[in-house]
Every structure is written in structure tokens, then in C-alpha cells.
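Asks: Next up is a structure, given as C-alpha cells.
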Amino acid sequence: MTQTDQKSPVIRLDAADNVVVAREPIAVGTLIATEGVTTLQEVPLGHKIATRPIKKGEAIKKYNTTIGFASEDLVPGTWLHSHNVLMDDFQKDYRYTQDYLPTTLLPEDERAQFMGYHRADGRVGTRNYIGLFITVNCSATVARKISQYFDEERMAEYPNVDGVVAFVHQQGCGMEMTGEPMDLLRRTLAGYIRHPNTAGALVCSLGCERNNLGVFMEEQSLATGKMLHTVTMQHAGGTAAAIEEGKKIIREMLVEANKMVRQPAPASHIMVGLQCGGSDGFSGLSANPSLGKAVDILVRHGGTAILSETPELYGVEHTLTARAKTEAVGQKFIERINWWLEYNRGRDTQINGRVSPGNNAGGLANIIEKSLGGSKKGGSSGINEVYHYAEPVTEHGLVIMDTPGYDPVSATGQIAGGANLIAFTTGRGSCFGSLPAPTIKLATNTPMYGRMTGDMDINCGPVIDGDKTLDEMGEVIFAKFLEIASGVKTKSEALGVGEEEFAPWQIGVLA
């Protein structure tokens, strides 16, 4: 932003745009001196104003990217929103690899470090949890009762362990025994069990479920040992007996997990899942591009960031394929976009146009405008790979993982893939948290941050207020990555949020 823009009630994002964004609520009849236009309607905070004559059917441009088309002839000063910005399909040039720039990594002796838990497989954790997992919802109560037993008082004996957490879900039976739905569930569970933030795991089963324990363990190459155990209710003698057996197993693993201590590790071991929820008109102007700047820094330090929420990248997919490392990587992404379009055909979902009421009230006219802002979380780094949901992420740098837009399901897939931090931007005020990877929440605007400081970790509002540049905000966020990765608690952790947000993606037949 220029100095002039910082003093203006509006924000201009690109010289080629035919709109500006209201930095604050603007009354009807207000002269916007920097644009030479007078508002013809009241314009809410975060909403758009036409700065040039726009003919019916002409593209509305934000960040010099088409976000929709004028429903009628529009004159300068007109408030633009979903009532006069139409979403329509248009021909996109995917320009595979044309904007790809390889990352120049910092020399190893110049890379940032954090204090983490070094695991036997070479990965480094940001937390140290014991996890309880279930093959089927029928064993959820057993897992819950065991985890509840290890309350704050009992855990005082194990200061190096962050907690004993039950990751329960609603699946495992009454579903297809083979195919994509079962593959998704098993891949997600295995990803959490192997996660660098999981020091030890106990898998609880009933004994007769379709997600058979033995098949699951064999298929996912999981072998029991000192820090991975199983208990089956029908073999143990029922619910009470399984709970007692589980408590004994957890006690033994806690002793081992407590021996683990934090040690220095390079930032290349940080893997951040990128999320946004409760977005507003400022999400794509402050928190998302600021997070993108932090991602670019992390990538230069050898770290990894996962861009997801595929339905919320629809409409700007051509800007991402142009940044793909290879044409094959770009085509993998388009294959997933096409899968989502077919999956949602004829349904009242946002990929078909309408965003949520909260998004709409916050200034987002349609899914393309939301996607444009959401994609900013990925910064400017090249895209090195595209993964299916919950697949292990092995590439460093910026990657894409195909997930739904629904935050708990999306973050669950990222964590299963190996994300040891989640960075979550919000304009309306999401209160999301996650385990075993902590969630860092970034507010897009100062008023919301002031109302919800108990839930927000970083205020990106100074970008809107004109007090910080995106680059400066990116440095703040990257420093927070290192701080949280080293053990400082996030707001959601302090509030105890995250255990209920484990939500494996459920698709397919339920019978």
C-alpha cells in the first residue's frame, strides 16, 4: 500500500482494478479523494466500491483477477456486492509452470531453529501427546473414559507430556469395507498414530467392525511395540475390562513419553497447515497475504506449508497451476477441481456460487472472491506437489492437499499428512483449535481482535490500519511459528479447544 492509501478510507489492491475495498464503514455521499469518486450508497466495512464505469457483463477486477461480472451498467461510487456482481464461468488459461520460481534456500547455518521433540523416524514434533484412537465409534466410550482418567492432577507426574487425548469419530462400521471411504479413514488414523506430535498410541476396537483392527494395522504397516498398543473390547471382557487394560497401557507409555525432552531443531522440520474460516472482506487483504509472506519465509528456511480447502480455491485455480513445479503437478490439481465440480453438481454448496451468510455479510460476493483471498495464504512460492486427503506429505516447500472447505475436516487431513502446526486466519472470529498440532489464529481486523482477544493469537489488523506492511506482518507470524513450535501455548490450547475437532472426511454410502 502507498502512504496515500494508508490515509484513505479505501484500499486499492492493484492499479488495474476497477474496485476498491472499504477500510471502514463509509456513509453515502462520501468523497473518496484518492479515487475521485463519491459513494452512491452506504458501504459496509470490507465491501467494494466501483471506481470506473463498468458495463453490464464486464469483468469485476480485484487484485487484477476476475471475481465476477456486472449484472447491470455500473457507475463510479456504486456499492458492489452479490446483488450486482454475478458469478459466471469463464475460460481460464492454466499456464502450467509459467510462473514457477524455484525457492532459494537460506544456507543451513542461517536457518532459524526451534525447540522440538526428535523422533526415531527423523521427524521433529512440536508437542508430545499420548493418543487414543478407535477403529469404530462403538469403542469411543472406552477411549473417552481412559483419556478422562488422566486428568490434570494425574498428569502432574509427567511434566514433559502435553496430555492424553482421545481422537474419536463416527465411522468404522455401516460403511463400505473397501474403496475410498475406508481408505480415507484408515489413512487419517494412521497419519495421527505416526504423527511426530504423537509419542505413543493406543488403538481401541470393538472386535466385529468393518474397519477390522488386524486389517487396518497390516494395511497401514503399523506394528505394536513399546509405544503402540491395541485393546479389543470383545477380547478384553467388555467395556469396563477394556478401560482398565487401557489405563495400564497408558501409564506405561507415559513413563517413556516423559523421558523425551525438547532439543534444538532447524525450521525445516516445521510443517504448517494453512486454514481460513469465518472469512470477511479483509481476509484476502491482511491475514491471508500476511500468512503468505510468513509461508515464503518458512519455505526459504526449508520448511513446508500445506494449502488446502480445494472448493475454496475454485475460480482462481489457473493462478495456482501457473505456479506448479511441473505440468503434471498442475494437472493433478485440476483433476481434483474437476472431481469437486462433479461431486457438487446440482447441490446448494458454495463451489456453485453462494458463500456462507457470515462470509457474505463480511464483504465476499461469491466463491471466486473468497477463493482469491484464500489462495493468498500460499504466498508466492512455487507449488511442489499435490496430495490426496491425509496422504503423508514428503515434499518440502509449498504443497497442496485436496480437502473439503469445512475447517475441522480439512485440518484433520493436513495433520494426518504431517502438519505439526496449523495457521488459521479469520475475519468474523472462528474459535477453532486442533490437537495434537496446535492452531495459531490470525485476526484479519483490529475491531474483531479487540472483541475476541481470548481466542486470537495474532492481530493482522495493523495492515488494514496502515501501521504495518505485509512483509512486516509476515515476520511477526514467522516468529510466532517458532515460538509456538517451541512449546508456548496457543490461545486455543489454553482454552482446552481441539479434542472435539478431530473430524475425518466421511464420504460414500452409510448403510
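Every chain in the C-alpha cells has a letter given in the order shown (A, B, ...), and although residue numbers restart at 1 in each chain, ligands are simply numbered from 1 in the order shown.
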As a PyMOL selection string, please: every residue in segment 96-216 of chain A that a backbone DSSP assignment puts in strand (DSSP E or B).
Replies: chain A and resi 113-118+124-125+129-134+163-167+175+198-205
Asks: Convert the current residue selection to file output with N, CA and C atoms, as a compact mmCIF listing (two decimals), in the first residue's frame.
Replies:
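File again-v4.txt, as written:
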```txt
# COMPACT_ATOMS: atom_id res chain seq x y z
N GLN A 113 15.85 -21.80 14.13
CA GLN A 113 15.68 -23.04 14.88
C GLN A 113 14.51 -22.91 15.86
N PHE A 114 14.02 -24.05 16.31
CA PHE A 114 13.03 -24.10 17.37
C PHE A 114 13.39 -25.28 18.28
N MET A 115 12.71 -25.38 19.39
CA MET A 115 12.95 -26.47 20.34
C MET A 115 11.84 -27.51 20.16
N GLY A 116 12.20 -28.70 19.67
CA GLY A 116 11.20 -29.70 19.39
C GLY A 116 11.59 -31.08 19.87
N TYR A 117 10.68 -32.04 19.67
CA TYR A 117 10.88 -33.43 20.09
C TYR A 117 11.36 -34.25 18.89
N HIS A 118 12.58 -34.73 18.96
CA HIS A 118 13.16 -35.51 17.86
C HIS A 118 12.66 -36.96 17.94
N VAL A 124 10.43 -34.15 13.59
CA VAL A 124 10.50 -33.42 14.86
C VAL A 124 9.11 -32.94 15.23
N GLY A 125 8.68 -33.23 16.45
CA GLY A 125 7.37 -32.83 16.93
C GLY A 125 7.40 -31.48 17.61
N TYR A 129 2.26 -35.81 22.84
CA TYR A 129 0.98 -36.36 23.30
C TYR A 129 0.97 -37.88 23.28
N ILE A 130 0.13 -38.45 24.13
CA ILE A 130 -0.29 -39.85 24.01
C ILE A 130 -1.69 -39.81 23.41
N GLY A 131 -1.90 -40.56 22.33
CA GLY A 131 -3.19 -40.55 21.64
C GLY A 131 -3.95 -41.85 21.79
N LEU A 132 -5.26 -41.74 21.97
CA LEU A 132 -6.16 -42.88 21.98
C LEU A 132 -6.98 -42.83 20.70
N PHE A 133 -6.97 -43.92 19.93
CA PHE A 133 -7.63 -43.96 18.63
C PHE A 133 -8.62 -45.12 18.60
N ILE A 134 -9.65 -44.98 17.77
CA ILE A 134 -10.68 -46.01 17.69
C ILE A 134 -10.85 -46.46 16.24
N GLY A 163 -0.41 -34.28 27.20
CA GLY A 163 -1.73 -34.78 27.56
C GLY A 163 -2.01 -36.14 26.96
N VAL A 164 -3.11 -36.73 27.41
CA VAL A 164 -3.63 -37.98 26.85
C VAL A 164 -4.95 -37.63 26.19
N VAL A 165 -5.03 -37.81 24.87
CA VAL A 165 -6.15 -37.30 24.10
C VAL A 165 -6.86 -38.44 23.37
N ALA A 166 -8.19 -38.44 23.43
CA ALA A 166 -9.00 -39.42 22.69
C ALA A 166 -9.44 -38.80 21.37
N PHE A 167 -9.05 -39.42 20.27
CA PHE A 167 -9.46 -38.97 18.94
C PHE A 167 -10.58 -39.89 18.46
N MET A 175 -20.42 -49.04 6.69
CA MET A 175 -19.85 -48.35 5.53
C MET A 175 -19.20 -49.38 4.62
N THR A 198 2.78 -37.26 18.24
CA THR A 198 2.23 -38.39 18.98
C THR A 198 3.37 -39.26 19.48
N ALA A 199 3.63 -39.22 20.79
CA ALA A 199 4.72 -40.01 21.38
C ALA A 199 4.34 -41.48 21.49
N GLY A 200 3.07 -41.75 21.75
CA GLY A 200 2.60 -43.12 21.89
C GLY A 200 1.12 -43.18 21.59
N ALA A 201 0.65 -44.38 21.20
CA ALA A 201 -0.76 -44.51 20.80
C ALA A 201 -1.34 -45.84 21.26
N LEU A 202 -2.62 -45.78 21.63
CA LEU A 202 -3.41 -46.97 21.94
C LEU A 202 -4.61 -46.99 21.00
N VAL A 203 -4.78 -48.08 20.26
CA VAL A 203 -5.89 -48.22 19.33
C VAL A 203 -6.95 -49.12 19.97
N CYS A 204 -8.16 -48.59 20.14
CA CYS A 204 -9.25 -49.33 20.77
C CYS A 204 -10.24 -49.81 19.70
N SER A 205 -10.64 -51.08 19.80
CA SER A 205 -11.62 -51.62 18.85
C SER A 205 -12.70 -52.37 19.60
```
Asks: Can you pull out every residue from segment 53-247 of chain A that DSSP, working from the backbone, puts in helix (DSSP H, G or I), and format the result as a PyMOL selection string?
Replies: chain A and resi 108-110+137-149+152-155+180-193+213-219+233-236+239-247
Asks: Those same residues, written as a PDB file, in the first residue's frame with C-alpha atoms?
Replies:
```pdb
ATOM      1  CA  GLU A 108      21.876 -24.118   6.683  1.00  0.00           C
ATOM      2  CA  ASP A 109      23.843 -22.078   9.233  1.00  0.00           C
ATOM      3  CA  GLU A 110      21.478 -19.124   8.679  1.00  0.00           C
ATOM      4  CA  ASN A 137     -17.441 -45.434  17.024  1.00  0.00           C
ATOM      5  CA  CYS A 138     -18.529 -48.425  19.164  1.00  0.00           C
ATOM      6  CA  SER A 139     -15.236 -48.119  21.067  1.00  0.00           C
ATOM      7  CA  ALA A 140     -15.456 -44.333  21.522  1.00  0.00           C
ATOM      8  CA  THR A 141     -16.631 -44.507  25.147  1.00  0.00           C
ATOM      9  CA  VAL A 142     -13.692 -46.713  26.116  1.00  0.00           C
ATOM     10  CA  ALA A 143     -11.249 -44.210  24.604  1.00  0.00           C
ATOM     11  CA  ARG A 144     -13.023 -41.267  26.243  1.00  0.00           C
ATOM     12  CA  LYS A 145     -13.108 -42.887  29.700  1.00  0.00           C
ATOM     13  CA  ILE A 146      -9.403 -43.731  29.529  1.00  0.00           C
ATOM     14  CA  SER A 147      -8.382 -40.223  28.461  1.00  0.00           C
ATOM     15  CA  GLN A 148     -10.606 -38.608  31.113  1.00  0.00           C
ATOM     16  CA  TYR A 149      -8.917 -40.691  33.799  1.00  0.00           C
ATOM     17  CA  GLU A 152      -4.605 -32.586  35.180  1.00  0.00           C
ATOM     18  CA  GLU A 153      -3.859 -33.935  38.660  1.00  0.00           C
ATOM     19  CA  ARG A 154      -2.615 -37.320  37.421  1.00  0.00           C
ATOM     20  CA  MET A 155      -0.680 -35.751  34.556  1.00  0.00           C
ATOM     21  CA  GLU A 180     -12.146 -44.675  -0.997  1.00  0.00           C
ATOM     22  CA  PRO A 181     -14.264 -44.123   2.167  1.00  0.00           C
ATOM     23  CA  MET A 182     -12.397 -46.817   4.134  1.00  0.00           C
ATOM     24  CA  ASP A 183      -9.069 -45.751   2.626  1.00  0.00           C
ATOM     25  CA  LEU A 184      -9.655 -42.178   3.827  1.00  0.00           C
ATOM     26  CA  LEU A 185     -10.490 -43.288   7.360  1.00  0.00           C
ATOM     27  CA  ARG A 186      -7.552 -45.661   7.689  1.00  0.00           C
ATOM     28  CA  ARG A 187      -5.097 -43.204   6.143  1.00  0.00           C
ATOM     29  CA  THR A 188      -6.252 -40.488   8.554  1.00  0.00           C
ATOM     30  CA  LEU A 189      -5.984 -42.695  11.652  1.00  0.00           C
ATOM     31  CA  ALA A 190      -2.546 -43.978  10.633  1.00  0.00           C
ATOM     32  CA  GLY A 191      -1.347 -40.421   9.971  1.00  0.00           C
ATOM     33  CA  TYR A 192      -2.283 -39.378  13.508  1.00  0.00           C
ATOM     34  CA  ILE A 193      -0.759 -42.508  15.050  1.00  0.00           C
ATOM     35  CA  LEU A 213      -8.283 -53.893  13.582  1.00  0.00           C
ATOM     36  CA  GLY A 214      -5.937 -56.527  12.140  1.00  0.00           C
ATOM     37  CA  VAL A 215      -6.576 -55.480   8.546  1.00  0.00           C
ATOM     38  CA  PHE A 216      -6.132 -51.809   9.464  1.00  0.00           C
ATOM     39  CA  MET A 217      -2.799 -52.434  11.195  1.00  0.00           C
ATOM     40  CA  GLU A 218      -1.475 -54.614   8.379  1.00  0.00           C
ATOM     41  CA  GLU A 219      -2.672 -52.370   5.576  1.00  0.00           C
ATOM     42  CA  MET A 233     -13.371 -54.873  23.934  1.00  0.00           C
ATOM     43  CA  GLN A 234     -14.776 -58.281  22.973  1.00  0.00           C
ATOM     44  CA  HIS A 235     -11.437 -59.956  23.795  1.00  0.00           C
ATOM     45  CA  ALA A 236     -10.748 -57.968  26.969  1.00  0.00           C
ATOM     46  CA  THR A 239     -16.277 -52.126  28.383  1.00  0.00           C
ATOM     47  CA  ALA A 240     -15.025 -51.964  31.997  1.00  0.00           C
ATOM     48  CA  ALA A 241     -12.271 -54.510  31.424  1.00  0.00           C
ATOM     49  CA  ALA A 242     -11.083 -52.721  28.278  1.00  0.00           C
ATOM     50  CA  ILE A 243     -10.961 -49.398  30.149  1.00  0.00           C
ATOM     51  CA  GLU A 244      -8.832 -50.889  32.936  1.00  0.00           C
ATOM     52  CA  GLU A 245      -6.495 -52.565  30.458  1.00  0.00           C
ATOM     53  CA  GLY A 246      -6.174 -49.288  28.575  1.00  0.00           C
ATOM     54  CA  LYS A 247      -5.301 -47.333  31.722  1.00  0.00           C
TER      55      LYS A 247
END
```
Asks: Taking only C-alpha atoms into account, produce a table as JSON lines in which each residue of segment 336-442 of chain A with an atom at most 8 Å from an atom of segment 53-72 of chain A appears once, together with its shortest atom pair and the distance in Å to one decimal, ordered by chain and rising number.
Replies:
```
{"residue": "A:Asn366", "atom": "CA", "partner": "A:Ile67", "partner_atom": "CA", "distance": 7.8}
{"residue": "A:Ile368", "atom": "CA", "partner": "A:Ile67", "partner_atom": "CA", "distance": 5.4}
{"residue": "A:Glu369", "atom": "CA", "partner": "A:Ile67", "partner_atom": "CA", "distance": 5.1}
{"residue": "A:Leu372", "atom": "CA", "partner": "A:Ile67", "partner_atom": "CA", "distance": 7.8}
```
Asks: Within 8 Å of segment 264-282 of chain A, which residues of segment 40-91 of chain A come that close, and what is the closest atom pair and distance in Å for each? Count only C-alpha atoms and give it as JSON lines.
Replies:
```
{"residue": "A:Leu45", "atom": "CA", "partner": "A:Gly281", "partner_atom": "CA", "distance": 7.8}
{"residue": "A:Gly46", "atom": "CA", "partner": "A:Gly281", "partner_atom": "CA", "distance": 4.3}
{"residue": "A:His47", "atom": "CA", "partner": "A:Gly281", "partner_atom": "CA", "distance": 6.1}
```
Asks: Please, could you write that set of residues out with C-alpha atoms as a short mmCIF file (atom, residue, chain, number, x, y, z; two decimals), in the first residue's frame?
Replies:
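Written out: again-v5.cif:
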```
data_model
loop_
_atom_site.label_atom_id
_atom_site.label_comp_id
_atom_site.auth_asym_id
_atom_site.auth_seq_id
_atom_site.Cartn_x
_atom_site.Cartn_y
_atom_site.Cartn_z
CA LEU A 45 -16.63 -2.27 6.17
CA GLY A 46 -14.81 -4.74 3.92
CA HIS A 47 -17.14 -4.24 0.93
#
```
Asks: Would you list the contacts of segment 325-327 of chain A as a ChimeraX atom specification, taking every protein, DNA or RNA residue within 6 Å and counting only C-alpha atoms, but skipping same-chain residues closer than 5 positions in sequence?
Replies: /A:96-97,100,383-384
Asks: So how many Å separate atom CA of Pro25 of chain A and atom CA of Lys370 of chain A, to one decimal?
Replies: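 A separation of 20.2 Å between them.
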Asks: Give me the residues near Leu40 of chain A as a list of chain:residue names, where near means some atom within 12 Å (using only C-alpha atoms) and where sequence neighbours in that chain fewer than 4 positions away do not count.
Replies: A:Ile26, A:Ala27, A:Val28, A:Gly29, A:Thr30, A:Leu31, A:Ile32, A:Ile49, A:Ala50, A:Thr51, A:Leu74, A:Val75, A:Pro76, A:Gly77, A:Thr78, A:Trp79, A:Leu80
Asks: Atoms to include: N, CA and C atoms. Write the selected residues as a PDB file, in the first residue's frame.
Replies:
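As a result, again15.pdb now contains:
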```
ATOM      1  N   ILE A  26     -18.461   3.337   5.299  1.00  0.00           N
ATOM      2  CA  ILE A  26     -18.433   4.618   4.580  1.00  0.00           C
ATOM      3  C   ILE A  26     -19.870   5.063   4.310  1.00  0.00           C
ATOM      4  N   ALA A  27     -20.187   6.278   4.697  1.00  0.00           N
ATOM      5  CA  ALA A  27     -21.543   6.812   4.539  1.00  0.00           C
ATOM      6  C   ALA A  27     -21.811   7.172   3.076  1.00  0.00           C
ATOM      7  N   VAL A  28     -23.074   7.192   2.692  1.00  0.00           N
ATOM      8  CA  VAL A  28     -23.473   7.628   1.364  1.00  0.00           C
ATOM      9  C   VAL A  28     -23.056   9.079   1.173  1.00  0.00           C
ATOM     10  N   GLY A  29     -22.592   9.421  -0.022  1.00  0.00           N
ATOM     11  CA  GLY A  29     -22.198  10.788  -0.312  1.00  0.00           C
ATOM     12  C   GLY A  29     -20.791  11.142   0.116  1.00  0.00           C
ATOM     13  N   THR A  30     -19.989  10.149   0.506  1.00  0.00           N
ATOM     14  CA  THR A  30     -18.614  10.410   0.936  1.00  0.00           C
ATOM     15  C   THR A  30     -17.696  10.513  -0.284  1.00  0.00           C
ATOM     16  N   LEU A  31     -16.913  11.581  -0.354  1.00  0.00           N
ATOM     17  CA  LEU A  31     -15.925  11.732  -1.420  1.00  0.00           C
ATOM     18  C   LEU A  31     -14.694  10.905  -1.089  1.00  0.00           C
ATOM     19  N   ILE A  32     -14.329   9.986  -1.983  1.00  0.00           N
ATOM     20  CA  ILE A  32     -13.084   9.229  -1.842  1.00  0.00           C
ATOM     21  C   ILE A  32     -12.054   9.961  -2.687  1.00  0.00           C
ATOM     22  N   ILE A  49     -16.299  -0.888  -3.793  1.00  0.00           N
ATOM     23  CA  ILE A  49     -16.864   0.293  -4.437  1.00  0.00           C
ATOM     24  C   ILE A  49     -16.318   0.359  -5.863  1.00  0.00           C
ATOM     25  N   ALA A  50     -17.193   0.597  -6.832  1.00  0.00           N
ATOM     26  CA  ALA A  50     -16.748   0.776  -8.219  1.00  0.00           C
ATOM     27  C   ALA A  50     -16.018   2.098  -8.351  1.00  0.00           C
ATOM     28  N   THR A  51     -14.889   2.073  -9.067  1.00  0.00           N
ATOM     29  CA  THR A  51     -14.105   3.305  -9.245  1.00  0.00           C
ATOM     30  C   THR A  51     -14.124   3.785 -10.695  1.00  0.00           C
ATOM     31  N   LEU A  74     -22.837  -0.112 -14.333  1.00  0.00           N
ATOM     32  CA  LEU A  74     -22.497   0.436 -13.014  1.00  0.00           C
ATOM     33  C   LEU A  74     -21.697   1.717 -13.180  1.00  0.00           C
ATOM     34  N   VAL A  75     -21.966   2.687 -12.314  1.00  0.00           N
ATOM     35  CA  VAL A  75     -21.246   3.965 -12.373  1.00  0.00           C
ATOM     36  C   VAL A  75     -20.301   4.060 -11.190  1.00  0.00           C
ATOM     37  N   PRO A  76     -19.248   4.873 -11.303  1.00  0.00           N
ATOM     38  CA  PRO A  76     -18.303   5.027 -10.192  1.00  0.00           C
ATOM     39  C   PRO A  76     -19.016   5.455  -8.910  1.00  0.00           C
ATOM     40  N   GLY A  77     -18.590   4.883  -7.797  1.00  0.00           N
ATOM     41  CA  GLY A  77     -19.199   5.182  -6.500  1.00  0.00           C
ATOM     42  C   GLY A  77     -20.243   4.177  -6.074  1.00  0.00           C
ATOM     43  N   THR A  78     -20.564   3.206  -6.956  1.00  0.00           N
ATOM     44  CA  THR A  78     -21.584   2.200  -6.646  1.00  0.00           C
ATOM     45  C   THR A  78     -21.042   1.154  -5.681  1.00  0.00           C
ATOM     46  N   TRP A  79     -21.837   0.816  -4.690  1.00  0.00           N
ATOM     47  CA  TRP A  79     -21.507  -0.298  -3.781  1.00  0.00           C
ATOM     48  C   TRP A  79     -21.657  -1.596  -4.556  1.00  0.00           C
ATOM     49  N   LEU A  80     -20.614  -2.405  -4.558  1.00  0.00           N
ATOM     50  CA  LEU A  80     -20.626  -3.671  -5.278  1.00  0.00           C
ATOM     51  C   LEU A  80     -20.681  -4.832  -4.298  1.00  0.00           C
TER      52      LEU A  80
END
```
Asks: For atom CA of Ala365 of chain A and atom CA of Leu320 of chain A, quote the distance in Å rounded to one decimal.
Replies: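 Straight-line distance from atom CA of Ala365 of chain A to atom CA of Leu320 of chain A works out to 21.3 Å.
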